>>> print(open('my_file-v2.cif').read())   # mmCIF, C-alpha atoms
data_run
#
loop_
_atom_site.label_atom_id
_atom_site.label_comp_id
_atom_site.auth_asym_id
_atom_site.auth_seq_id
_atom_site.Cartn_x
_atom_site.Cartn_y
_atom_site.Cartn_z
CA MET S 3 -6.90 -62.69 -14.22
CA LYS S 4 -4.13 -60.28 -13.24
CA GLY S 5 -4.90 -58.12 -16.33
CA LYS S 6 -8.55 -57.90 -15.33
CA LYS S 7 -7.48 -56.83 -11.85
CA GLY S 8 -5.23 -54.09 -13.31
CA ILE S 9 -8.06 -52.77 -15.45
CA LEU S 10 -10.40 -52.79 -12.45
CA TYR S 11 -7.81 -50.84 -10.42
CA SER S 12 -7.44 -48.41 -13.31
CA LEU S 13 -11.21 -47.92 -13.62
CA GLY S 14 -11.48 -47.43 -9.87
CA LEU S 15 -8.75 -44.84 -9.86
CA THR S 16 -10.30 -43.11 -12.90
CA LEU S 17 -13.56 -42.86 -10.99
CA PHE S 18 -11.73 -41.54 -7.94
CA ALA S 19 -9.88 -39.01 -10.12
CA LEU S 20 -13.21 -37.84 -11.58
CA ILE S 21 -14.64 -37.42 -8.09
CA ILE S 22 -11.61 -35.36 -7.07
CA LEU S 23 -11.91 -33.25 -10.22
CA THR S 24 -15.60 -32.62 -9.51
CA LEU S 25 -14.66 -31.63 -5.98
CA ALA S 26 -12.09 -29.18 -7.36
CA LEU S 27 -14.74 -27.65 -9.62
CA LEU S 28 -17.16 -27.40 -6.69
CA ILE S 29 -14.55 -25.64 -4.55
CA TRP S 30 -13.80 -23.29 -7.43
CA LYS S 31 -17.50 -22.50 -7.87
CA GLN S 32 -17.91 -22.03 -4.13
CA GLY S 33 -15.02 -19.58 -4.19
CA ASP S 34 -16.74 -17.56 -6.93
CA SER S 35 -19.96 -17.59 -4.92
CA ALA S 36 -18.12 -16.44 -1.77
CA GLU S 37 -16.59 -13.57 -3.76
CA SER S 38 -20.03 -12.55 -5.02
CA HIS S 39 -21.48 -12.75 -1.48
CA PHE S 40 -18.59 -10.69 -0.22
CA ILE S 41 -19.31 -7.92 -2.74
CA ASP S 42 -23.00 -8.05 -1.67
CA LEU S 43 -21.90 -7.72 1.96
CA ILE S 44 -19.74 -4.68 1.21
CA VAL S 45 -22.50 -2.97 -0.80
CA ALA S 46 -25.06 -3.70 1.93
CA GLN S 47 -22.69 -2.39 4.61
CA GLN S 48 -22.05 0.82 2.66
CA ALA S 49 -25.77 1.38 2.03
CA GLN S 50 -26.65 0.59 5.63
CA GLU S 51 -24.09 3.07 6.89
CA ILE S 52 -25.53 5.89 4.78
CA GLN S 53 -29.04 5.10 6.02
CA THR S 54 -28.01 4.81 9.67
CA SER S 55 -26.01 8.04 9.59
CA THR S 56 -28.94 9.83 7.91
CA ASN S 57 -31.23 8.72 10.75
CA LYS S 58 -28.61 9.78 13.29
CA ALA S 59 -28.25 13.24 11.72
CA PHE S 60 -32.03 13.86 11.92
CA SER S 61 -32.16 12.55 15.49
CA GLU S 62 -29.26 14.76 16.58
CA VAL S 63 -30.78 17.90 15.06
CA TYR S 64 -34.18 17.18 16.62
CA LEU S 65 -32.77 16.67 20.12
CA ARG S 66 -30.59 19.78 19.82
CA GLU S 67 -32.97 22.21 18.13
CA GLY S 68 -36.34 20.79 19.18
CA ASN S 69 -36.46 22.52 22.58
CA ILE S 70 -37.86 19.32 24.02
CA SER S 71 -36.48 16.70 26.41
CA PHE S 72 -37.41 13.10 27.09
CA SER S 73 -37.19 10.53 29.87
CA LEU S 74 -37.99 7.10 28.55
CA ARG S 75 -38.85 4.13 30.72
CA GLU S 76 -40.48 0.73 30.25
CA THR S 77 -43.70 2.05 31.79
CA SER S 78 -43.69 5.77 31.00
CA LEU S 79 -42.48 8.54 28.76
CA THR S 80 -41.94 12.02 30.17
CA ILE S 81 -41.78 14.92 27.75
CA VAL S 82 -40.79 18.39 28.89
CA GLU S 83 -41.19 21.28 26.50
CA ASN S 84 -41.76 25.01 26.41
CA PHE S 85 -44.90 26.57 24.99
CA PRO S 86 -45.70 28.22 22.71
CA GLU S 87 -43.56 25.84 20.69
CA ASP S 88 -41.75 27.08 17.61
CA TYR S 89 -40.63 24.41 15.21
CA ASN S 90 -40.08 26.66 12.20
CA GLN S 91 -36.31 26.75 12.54
CA LEU S 92 -36.16 22.99 13.07
CA LYS S 93 -38.34 22.41 10.01
CA GLN S 94 -36.06 24.63 7.92
CA ILE S 95 -32.96 22.72 9.06
CA PHE S 96 -34.69 19.42 8.25
CA THR S 97 -35.66 20.65 4.78
CA SER S 98 -32.09 21.78 4.11
CA LEU S 99 -30.71 18.48 5.44
CA GLU S 100 -33.05 16.52 3.19
CA THR S 101 -31.91 18.53 0.15
CA ASP S 102 -28.21 18.03 0.96
CA ILE S 103 -28.56 14.30 1.55
CA GLU S 104 -30.66 13.61 -1.54
CA LYS S 105 -28.29 15.71 -3.68
CA ASN S 106 -25.14 13.93 -2.47
CA PHE S 107 -26.37 10.37 -1.99
CA VAL S 108 -28.11 8.74 -4.91
CA GLY S 109 -30.58 6.12 -3.69
CA ILE S 110 -31.64 7.87 -0.49
CA GLU S 111 -35.14 9.32 -0.45
CA ILE S 112 -36.47 11.20 2.55
CA ASN S 113 -40.13 11.83 3.18
CA GLN S 114 -40.88 14.25 6.00
CA GLU S 115 -44.30 15.51 4.92
CA LYS S 116 -45.96 14.07 8.04
CA PHE S 117 -43.43 15.70 10.32
CA GLN S 118 -43.67 19.03 8.50
CA SER S 119 -47.46 19.06 8.84
CA MET S 120 -47.80 17.74 12.41
CA ASP S 121 -44.34 18.06 14.00
CA GLY S 122 -44.99 15.21 16.35
CA LEU S 123 -43.49 11.91 17.33
CA LEU S 124 -44.45 8.30 17.91
CA LEU S 125 -43.72 6.02 20.83
CA GLN S 126 -43.07 2.57 19.45
CA PRO S 127 -43.88 -0.32 19.50
CA LEU S 128 -47.00 0.99 21.28
CA ASN S 129 -47.86 3.35 18.42
CA ILE S 130 -48.67 6.22 20.80
CA SER S 131 -48.67 9.50 18.89
CA TYR S 132 -47.71 12.82 20.44
CA MET S 133 -48.57 15.64 18.05
CA HIS S 134 -48.50 19.40 18.28
CA GLY S 135 -51.92 20.85 17.56
CA THR S 136 -52.60 23.56 15.01
CA GLN S 137 -53.96 25.86 17.77
CA GLY S 138 -50.86 25.43 19.92
CA GLY S 139 -50.49 22.63 22.43
CA ILE S 140 -50.37 18.86 22.39
CA HIS S 141 -52.67 16.15 21.17
CA ILE S 142 -52.36 12.45 21.98
CA ASP S 143 -54.61 10.07 20.06
CA GLN S 144 -56.63 7.31 21.68
CA ASN S 145 -54.44 4.32 22.49
CA LEU S 146 -55.51 1.33 24.55
CA GLN S 147 -52.01 0.89 26.00
CA ILE S 148 -52.15 4.24 27.85
CA ASP S 149 -53.28 4.04 31.47
CA SER S 150 -52.26 7.33 33.05
CA TYR S 151 -51.35 10.96 32.49
CA THR S 152 -49.32 13.07 34.91
CA LEU S 153 -49.23 16.71 33.87
CA SER S 154 -47.47 19.61 35.46
CA LEU S 155 -47.76 23.09 33.95
CA ILE S 156 -45.32 25.73 35.15
CA PHE S 157 -46.30 29.31 34.34
CA GLY S 158 -44.09 32.38 34.34
CA GLY S 159 -47.15 34.62 34.60
CA ASN S 160 -50.01 34.49 37.07
CA VAL S 161 -52.82 31.95 36.80
CA THR S 162 -56.05 33.69 37.76
CA SER S 163 -58.46 30.78 37.43
CA CYS S 164 -58.13 27.02 37.79
CA THR S 165 -61.13 24.69 37.37
CA ILE S 166 -60.66 20.93 37.51
CA ASP S 167 -63.48 18.54 36.66
CA PHE S 168 -62.80 14.79 36.89
CA VAL S 169 -65.48 12.28 35.80
CA SER S 170 -65.01 8.79 37.23
CA GLY S 171 -66.15 5.49 35.73
CA GLY S 172 -63.28 4.77 33.40
CA SER S 173 -59.77 3.37 33.54
CA PHE S 174 -57.41 6.36 33.46
CA ASP S 175 -55.36 7.77 36.30
CA VAL S 176 -54.75 11.50 36.02
CA SER S 177 -52.54 13.69 38.14
CA PHE S 178 -52.54 17.39 37.42
CA SER S 179 -50.71 20.34 38.94
CA VAL S 180 -50.21 24.01 38.14
CA VAL S 181 -47.38 26.12 39.45
CA SER S 182 -47.51 29.89 38.99
CA PRO S 183 -46.13 32.88 40.94
CA SER S 184 -49.59 33.68 42.36
CA THR S 185 -51.56 30.45 42.43
CA ASN S 186 -50.90 26.74 42.63
CA CYS S 187 -53.59 24.15 42.07
CA SER S 188 -53.53 20.39 41.77
CA ASP S 189 -55.71 17.31 41.82
CA GLN S 190 -55.49 13.67 41.06
CA GLY S 191 -58.02 10.99 40.24
CA THR S 192 -58.05 7.29 39.57
CA ASN S 193 -60.28 5.24 37.28
CA LEU S 194 -61.43 8.32 35.43
CA GLN S 195 -63.56 8.35 32.35
CA SER S 196 -62.76 11.92 31.38
CA ALA S 197 -61.24 15.12 32.69
CA ASN S 198 -61.76 18.77 31.84
CA ILE S 199 -59.39 21.36 33.21
CA SER S 200 -59.61 25.01 32.31
CA LEU S 201 -57.21 27.71 33.36
CA ILE S 202 -56.88 31.41 32.77
CA ALA S 203 -53.42 32.88 32.62
CA GLU S 204 -52.32 36.17 31.09
CA GLU S 205 -55.99 36.69 30.21
CA GLN S 206 -55.99 33.66 27.94
CA ASN S 207 -57.76 30.34 28.27
CA ILE S 208 -55.84 27.11 28.57
CA TYR S 209 -57.66 23.79 28.24
CA VAL S 210 -56.54 20.34 29.25
CA THR S 211 -58.92 17.61 28.16
CA LEU S 212 -59.05 13.87 28.60
CA GLN S 213 -61.89 12.60 26.44
CA PRO S 214 -63.73 9.31 27.05
CA ASN S 215 -61.66 6.43 25.57
CA GLY S 216 -58.43 8.30 25.96
CA PRO S 217 -57.62 11.13 23.55
CA PHE S 218 -55.73 13.75 25.52
CA SER S 219 -55.04 17.36 24.61
CA ILE S 220 -53.58 20.58 25.90
CA VAL S 221 -54.57 23.79 24.10
CA SER S 222 -52.49 26.79 25.04
CA ASN S 223 -50.87 29.85 23.51
CA VAL S 224 -49.51 31.07 26.83
CA SER S 225 -45.86 30.88 27.75
CA LEU S 226 -45.41 27.86 30.03
CA VAL S 227 -43.37 24.73 30.63
CA SER S 228 -45.26 21.49 30.17
CA ASN S 229 -44.06 18.35 31.93
CA LEU S 230 -46.21 15.46 30.76
CA THR S 231 -45.74 11.82 31.73
CA VAL S 232 -47.68 9.28 29.75
CA GLY S 233 -47.99 5.97 31.58
CA TYR S 234 -48.54 2.72 29.68
CA GLN S 235 -48.42 -1.05 30.09
CA PRO S 236 -44.85 -2.28 30.82
CA THR S 237 -43.17 -2.70 27.46
CA LYS S 238 -39.62 -3.78 26.63
CA ASN S 239 -37.52 -1.92 24.10
CA VAL S 240 -39.67 1.17 23.76
CA TYR S 241 -38.29 3.91 21.54
CA VAL S 242 -39.31 7.29 20.21
CA GLN S 243 -39.65 7.72 16.48
CA LEU S 244 -40.13 10.77 14.28
CA PRO S 245 -42.59 10.51 11.36
CA ILE S 246 -39.74 10.96 8.88
CA GLU S 247 -39.14 8.13 6.44
CA VAL S 248 -35.69 7.38 5.09
CA GLU S 249 -35.86 5.08 2.09
CA LEU S 250 -32.80 3.37 0.72
CA LEU S 251 -32.94 2.21 -2.89
CA GLU S 252 -29.90 0.07 -3.71
CA SER S 253 -29.68 -0.46 -7.47
CA PHE S 254 -26.65 -2.82 -7.47
CA GLN S 255 -28.34 -5.47 -5.36
CA ASN S 256 -31.82 -4.28 -6.23
CA PHE S 257 -33.17 -3.95 -2.73
CA SER S 258 -34.93 -1.19 -0.87
CA GLN S 259 -35.38 -0.53 2.82
CA LYS S 260 -37.61 2.02 4.49
CA THR S 261 -36.99 3.13 8.07
CA LYS S 262 -38.28 5.91 10.29
CA VAL S 263 -35.96 8.18 12.23
CA LYS S 264 -35.43 6.79 15.73
CA LEU S 265 -34.37 9.21 18.45
CA SER S 266 -31.19 8.23 20.29
CA LEU S 267 -32.50 8.31 23.85
CA PRO S 268 -31.03 6.45 26.80
CA SER S 269 -33.48 4.10 28.51
CA LEU S 270 -33.65 4.90 32.21
CA ASP S 271 -34.61 1.37 33.31
CA MET Z 21 3.05 -64.05 -22.98
CA HIS Z 22 -0.29 -62.54 -23.90
CA SER Z 23 -1.24 -62.35 -20.19
CA LEU Z 24 2.09 -60.65 -19.34
CA SER Z 25 1.46 -57.97 -21.98
CA ARG Z 26 -2.02 -57.27 -20.51
CA ASP Z 27 -0.45 -57.04 -17.04
CA LYS Z 28 2.04 -54.48 -18.34
CA ASN Z 29 -0.78 -52.52 -19.99
CA GLY Z 30 -2.74 -52.50 -16.72
CA PHE Z 31 0.35 -51.43 -14.78
CA ILE Z 32 1.12 -48.57 -17.18
CA PHE Z 33 -2.54 -47.52 -17.20
CA THR Z 34 -2.49 -47.45 -13.40
CA LEU Z 35 0.71 -45.38 -13.37
CA ASP Z 36 -0.92 -43.05 -15.89
CA ILE Z 37 -3.93 -42.62 -13.63
CA ILE Z 38 -1.73 -42.04 -10.58
CA LEU Z 39 0.12 -39.35 -12.53
CA GLY Z 40 -3.24 -37.86 -13.56
CA MET Z 41 -4.39 -37.90 -9.95
CA ILE Z 42 -1.23 -36.13 -8.84
CA ILE Z 43 -2.00 -33.40 -11.39
CA VAL Z 44 -5.62 -33.24 -10.17
CA PHE Z 45 -4.42 -33.01 -6.54
CA ILE Z 46 -2.08 -30.18 -7.52
CA ILE Z 47 -5.03 -28.39 -9.19
CA ILE Z 48 -7.25 -28.92 -6.14
CA ALA Z 49 -4.55 -27.80 -3.70
CA SER Z 50 -3.79 -24.65 -5.68
CA THR Z 51 -7.53 -23.91 -6.03
CA VAL Z 52 -8.07 -24.23 -2.29
CA PHE Z 53 -4.94 -22.16 -1.61
CA PHE Z 54 -5.89 -19.27 -3.88
CA ILE Z 55 -9.56 -19.27 -2.85
CA SER Z 56 -8.74 -19.28 0.85
CA ARG Z 57 -6.21 -16.49 0.30
CA SER Z 58 -8.81 -14.48 -1.60
CA VAL Z 59 -11.43 -15.05 1.16
CA GLU Z 60 -8.89 -14.04 3.84
CA SER Z 61 -7.98 -10.92 1.90
CA ASN Z 62 -11.67 -10.04 1.44
CA LEU Z 63 -12.37 -10.51 5.13
CA GLU Z 64 -9.44 -8.27 5.95
CA LYS Z 65 -10.78 -5.57 3.61
CA TYR Z 66 -14.24 -5.91 5.17
CA GLN Z 67 -12.73 -5.64 8.64
CA LEU Z 68 -10.90 -2.47 7.53
CA LEU Z 69 -14.18 -1.01 6.28
CA ILE Z 70 -15.91 -1.76 9.59
CA LEU Z 71 -12.95 -0.35 11.53
CA GLY Z 72 -13.08 2.84 9.45
CA SER Z 73 -16.82 3.09 10.05
CA ASP Z 74 -16.30 2.71 13.83
CA ILE Z 75 -13.55 5.35 13.90
CA VAL Z 76 -15.65 7.88 11.95
CA ASN Z 77 -18.63 7.11 14.20
CA ILE Z 78 -16.56 7.74 17.36
CA LEU Z 79 -15.15 10.98 15.91
CA ASP Z 80 -18.72 12.04 15.12
CA GLU Z 81 -19.91 11.16 18.65
CA GLN Z 82 -16.98 13.08 20.13
CA LYS Z 83 -17.98 16.09 17.98
CA THR Z 84 -14.47 16.21 16.54
CA PHE Z 85 -15.82 17.33 13.15
CA ASP Z 86 -17.41 20.44 14.69
CA SER Z 87 -14.11 22.32 14.58
CA LEU Z 88 -13.37 21.40 10.95
CA ASP Z 89 -9.76 21.79 12.03
CA TYR Z 90 -7.21 19.61 10.21
CA ASN Z 91 -4.85 19.18 13.17
CA GLU Z 92 -7.57 18.35 15.70
CA ILE Z 93 -9.21 15.79 13.44
CA GLU Z 94 -5.84 14.22 12.58
CA THR Z 95 -4.80 13.96 16.25
CA GLU Z 96 -8.09 12.34 17.29
CA MET Z 97 -8.00 10.02 14.29
CA GLU Z 98 -4.42 8.90 15.02
CA GLU Z 99 -5.41 8.13 18.60
CA LEU Z 100 -8.13 5.76 17.45
CA LEU Z 101 -6.22 4.18 14.58
CA PRO Z 102 -4.50 0.86 15.43
CA PRO Z 103 -0.73 0.68 14.80
CA ASN Z 104 0.32 -0.27 11.26
CA TYR Z 105 -2.84 1.15 9.74
CA GLU Z 106 -3.36 4.35 7.83
CA MET Z 107 -6.56 6.19 7.10
CA LEU Z 108 -7.77 8.98 4.88
CA LEU Z 109 -10.82 11.07 5.73
CA ARG Z 110 -12.42 13.37 3.20
CA LEU Z 111 -14.98 15.84 4.52
CA GLU Z 112 -17.18 17.73 2.08
CA GLY Z 113 -19.86 20.24 2.91
CA ASN Z 114 -20.98 23.83 3.06
CA PHE Z 115 -18.03 25.22 5.00
CA SER Z 116 -15.41 27.80 4.10
CA THR Z 117 -12.23 25.81 4.93
CA GLY Z 118 -10.66 24.50 1.71
CA ASN Z 119 -13.70 25.58 -0.31
CA GLY Z 120 -15.79 22.98 1.44
CA THR Z 121 -13.35 20.06 1.19
CA LEU Z 122 -11.01 18.86 3.90
CA GLU Z 123 -8.74 15.83 3.54
CA VAL Z 124 -7.07 14.41 6.62
CA GLY Z 125 -4.67 11.44 6.75
CA GLY Z 126 -2.20 9.58 4.58
CA ASN Z 127 -1.87 9.08 0.82
CA ILE Z 128 -3.82 6.19 -0.61
CA PRO Z 129 -1.51 3.44 -1.94
CA LEU Z 130 -2.17 3.14 -5.68
CA GLU Z 131 -1.31 -0.54 -5.96
CA GLU Z 132 -4.02 -1.76 -3.59
CA ASP Z 133 -7.73 -2.41 -4.08
CA LEU Z 134 -9.47 -0.60 -1.25
CA PHE Z 135 -13.06 -0.16 -0.16
CA PHE Z 136 -14.39 3.29 0.57
CA GLY Z 137 -17.08 3.98 3.13
CA ARG Z 138 -19.34 7.01 3.21
CA ARG Z 139 -21.55 8.50 5.85
CA ILE Z 140 -23.42 11.64 6.76
CA ALA Z 141 -22.69 13.85 9.74
CA ILE Z 142 -23.98 17.15 10.99
CA THR Z 143 -21.98 19.57 13.13
CA SER Z 144 -23.30 21.38 16.20
CA ASN Z 145 -23.98 24.47 14.08
CA ASN Z 146 -25.94 22.31 11.61
CA THR Z 147 -23.34 22.17 8.84
CA PHE Z 148 -23.97 19.16 6.65
CA LEU Z 149 -20.93 16.92 6.09
CA GLU Z 150 -20.41 14.12 3.63
CA ILE Z 151 -17.60 11.95 4.98
CA THR Z 152 -15.67 9.51 2.80
CA TYR Z 153 -13.09 7.29 4.47
CA VAL Z 154 -10.65 4.57 3.54
CA LEU Z 155 -8.30 2.45 5.63
CA TRP Z 156 -5.33 0.36 4.61
CA SER Z 157 -2.52 -1.62 6.17
CA ARG Z 158 0.78 0.27 6.33
CA GLU Z 159 2.85 -2.78 5.32
CA GLY Z 160 0.57 -3.63 2.43
#
>>> encode(input="my_file-v2.cif", output="structure tokens")
Amino acid sequence: MKGKKGILYSLGLTLFALIILTLALLIWKQGDSAESHFIDLIVAQQAQEIQTSTNKAFSEVYLREGNISFSLRETSLTIVENFPEDYNQLKQIFTSLETDIEKNFVGIEINQEKFQSMDGLLLQPLNISYMHGTQGGIHIDQNLQIDSYTLSLIFGGNVTSCTIDFVSGGSFDVSFSVVSPSTNCSDQGTNLQSANISLIAEEQNIYVTLQPNGPFSIVSNVSLVSNLTVGYQPTKNVYVQLPIEVELLESFQNFSQKTKVKLSLPSLD
Amino acid sequence: MHSLSRDKNGFIFTLDIILGMIIVFIIIASTVFFISRSVESNLEKYQLLILGSDIVNILDEQKTFDSLDYNEIETEMEELLPPNYEMLLRLEGNFSTGNGTLEVGGNIPLEEDLFFGRRIAITSNNTFLEITYVLWSREG
């Protein structure tokens, strides 16, 4: 009887020992897995840093060389820039930056074709585009989130003619003003369907147009300062993005990530 | 007599198992010890990498790299570096100082495994910089 008991104890302890051994193996395996995850974490951190710093470099150059300034709020974006705009130097710096980055960092691919052709920007997450037109000026595509435009044009030369034509029956609020040494003119309208403003300065025509459904444009080759505020539905976490794609191709972990350059702007709210 | 012999066998078998279990416990304890040490060491290395990244980011924000001056970069770097840590910064780019390479900081200890971080920076006069950095503990 006692012998049977001893054997039972022995079998029980053997089983317990096996369980402990299995546990040891599991811990060992877990350790290996943690090591592997750690290496993944390091590689991801290193790749992420290269991508983030690439975006930062483009953003810095744009804000410094772009001759443009921004005020970003939850309900509006104000852009001040000088016309006629000249983005050739900025484009050259961007091209050189792209070459340097792609030469020195394997796995980073930059696509700035859209920026080079349109030199514009996007307000996200609303997807509002602000593009420079081929004839000089600004073009904003139709976007249902936009509800108002406030435009102030400051001329160095004299404005000899100012015609403002507001058509009501829509949903846009427009406020427009011109400041020049000789003439000032301004008007504002609510619930507009469209607006056509034509000016003559330095013997050249300047057109500001709000088309039905919202596309907005300024066509000008005259030297002036444009201060445009685009009003939109209150939106949290708005940011300005350049149409420049930075793609990260990580061969070690076999992942890729594509981001667009985000401008580092302080939110004023 | 026969029963006593079986009892002895059972007793010895039990002792054998207890001895085996002691060995297994030693294995398990040493496994846990080495694994936890390795995880701690990895976390420390990761923390060093993040710290290095933060320091380079601050130096970039402060526009310290604009001067490409060894002494200025070293002074600013030392100010940000916690005590008992050393750091090496390697700046490469299209600049004339040192034929486009500038190394600031201590000598990397050969006996340690270290993680290097890399990032891009651009100076105020649009000089492209490739920055490589590494941090290590002075005692280590």
>>> closest_atom_pairs(input="my_file-v2.cif", of="chain S", to="chain Z", cutoff="6 Å", atoms="all atoms listed in the file", output="tab-separated table")
residue	atom	partner	partner_atom	distance
S:Gly5	CA	Z:Asp27	CA	4.6
S:Gly8	CA	Z:Gly30	CA	4.5
S:Ile9	CA	Z:Gly30	CA	5.5
S:Ser12	CA	Z:Thr34	CA	5.0
S:Ala19	CA	Z:Met41	CA	5.6
S:Ala26	CA	Z:Ile48	CA	5.0
S:Gly33	CA	Z:Ile55	CA	5.6
S:Gln48	CA	Z:Gly137	CA	5.9
S:Ile52	CA	Z:Arg139	CA	4.9
S:Ser55	CA	Z:Ile140	CA	5.3
S:Thr56	CA	Z:Ile140	CA	5.9
S:Ala59	CA	Z:Ile142	CA	5.8
>>> resolve_selection(input="my_file-v2.cif", expression="the PyMOL selection byres ((chain Z and resi 132) around 12)", output="list in words")
Ser61, Lys65, Asn127, Ile128, Pro129, Leu130, Glu131, Asp133, Leu134, Phe135, Val154, Leu155, Trp156, Ser157, Arg158, Glu159 and Gly160 of chain Z
>>> atom_distance(input="my_file-v2.cif", atom1="CA of Gly72 in chain Z", atom2="CA of Ser38 in chain S")
22.2 Å
>>> resolve_selection(input="my_file-v2.cif", expression="the PyMOL selection byres ((chain Z and resi 82) around 12)", output="NGL selection string")
:Z and (75-81 or 83-87 or 92-93 or 96-97 or 100 or 141 or 143-144)
>>> resolve_selection(input="my_file-v2.cif", expression="the PyMOL selection byres ((chain S and resi 185) around 12)", output="PyMOL selection string")
chain S and resi 155-164+179-184+186-188+201-203
>>> closest_residue(input="my_file-v2.cif", among="Z:Gln67, Z:Ile46, Z:Asn91, Z:Tyr153", to="Leu109 in chain Z", atoms="only C-alpha atoms")
Z:Tyr153
>>> closest_residue(input="my_file-v2.cif", among="S:Gly122, S:Gly171, S:Pro86, S:Gly135", to="Ser225 in chain S", atoms="all atoms listed in the file")
S:Pro86
>>> atom_distance(input="my_file-v2.cif", atom1="CA of Gly233 in chain S", atom2="CA of Leu79 in chain S")
6.7 Å
>>> atom_distance(input="my_file-v2.cif", atom1="CA of Gln53 in chain S", atom2="CA of Thr121 in chain Z")
22.2 Å
>>> residues_around(input="my_file-v2.cif", residues="Asn69 in chain S", least_positions_apart="4", cutoff="10 Å", atoms="all atoms listed in the file", output="ChimeraX atom specification")
/S:64-65,82-85,87-89,92
>>> residues_around(input="my_file-v2.cif", residues="Ser253 in chain S", least_positions_apart="6", cutoff="12 Å", atoms="all atoms listed in the file", output="ChimeraX atom specification")
/S:42,45-46,49,108-110,259
>>> closest_residue(input="my_file-v2.cif", among="S:Gln206, S:Thr54, S:Thr211, S:Gln137", to="Lys264 in chain S", atoms="all atoms listed in the file")
S:Thr54
>>> closest_residue(input="my_file-v2.cif", among="S:Ser266, S:Thr152, S:Ser73, S:Asn223", to="Phe60 in chain S", atoms="all atoms listed in the file")
S:Ser266
>>> closest_residue(input="my_file-v2.cif", among="S:Asn239, S:Thr165, S:Ser119, S:Thr136", to="Tyr209 in chain S", atoms="only C-alpha atoms")
S:Thr165
>>> decode(input="my_file-v2.cif", residues="range 205-230 of chain S", atoms="C-alpha atoms", output="PDB file, in the first residue's frame")
ATOM      1  CA  GLU S 205      -3.136  99.063 -66.610  1.00  0.00           C
ATOM      2  CA  GLN S 206      -3.719  95.367 -66.047  1.00  0.00           C
ATOM      3  CA  ASN S 207      -6.908  93.476 -65.278  1.00  0.00           C
ATOM      4  CA  ILE S 208      -7.328  91.571 -62.048  1.00  0.00           C
ATOM      5  CA  TYR S 209     -10.253  89.189 -61.635  1.00  0.00           C
ATOM      6  CA  VAL S 210     -11.687  87.689 -58.489  1.00  0.00           C
ATOM      7  CA  THR S 211     -14.381  85.123 -59.141  1.00  0.00           C
ATOM      8  CA  LEU S 212     -16.641  83.019 -56.972  1.00  0.00           C
ATOM      9  CA  GLN S 213     -18.425  80.590 -59.262  1.00  0.00           C
ATOM     10  CA  PRO S 214     -21.762  78.936 -58.418  1.00  0.00           C
ATOM     11  CA  ASN S 215     -21.119  75.909 -56.138  1.00  0.00           C
ATOM     12  CA  GLY S 216     -17.949  77.385 -54.768  1.00  0.00           C
ATOM     13  CA  PRO S 217     -14.811  77.384 -56.930  1.00  0.00           C
ATOM     14  CA  PHE S 218     -12.921  80.560 -56.124  1.00  0.00           C
ATOM     15  CA  SER S 219     -10.129  82.210 -58.073  1.00  0.00           C
ATOM     16  CA  ILE S 220      -7.938  85.272 -58.218  1.00  0.00           C
ATOM     17  CA  VAL S 221      -6.189  86.010 -61.520  1.00  0.00           C
ATOM     18  CA  SER S 222      -3.506  88.649 -61.284  1.00  0.00           C
ATOM     19  CA  ASN S 223      -0.050  89.461 -62.592  1.00  0.00           C
ATOM     20  CA  VAL S 224       0.132  92.754 -60.726  1.00  0.00           C
ATOM     21  CA  SER S 225       2.293  93.282 -57.688  1.00  0.00           C
ATOM     22  CA  LEU S 226       0.037  93.041 -54.626  1.00  0.00           C
ATOM     23  CA  VAL S 227      -0.378  91.426 -51.228  1.00  0.00           C
ATOM     24  CA  SER S 228      -3.259  88.996 -50.959  1.00  0.00           C
ATOM     25  CA  ASN S 229      -4.804  88.264 -47.577  1.00  0.00           C
ATOM     26  CA  LEU S 230      -7.378  85.534 -48.025  1.00  0.00           C
TER      27      LEU S 230
END
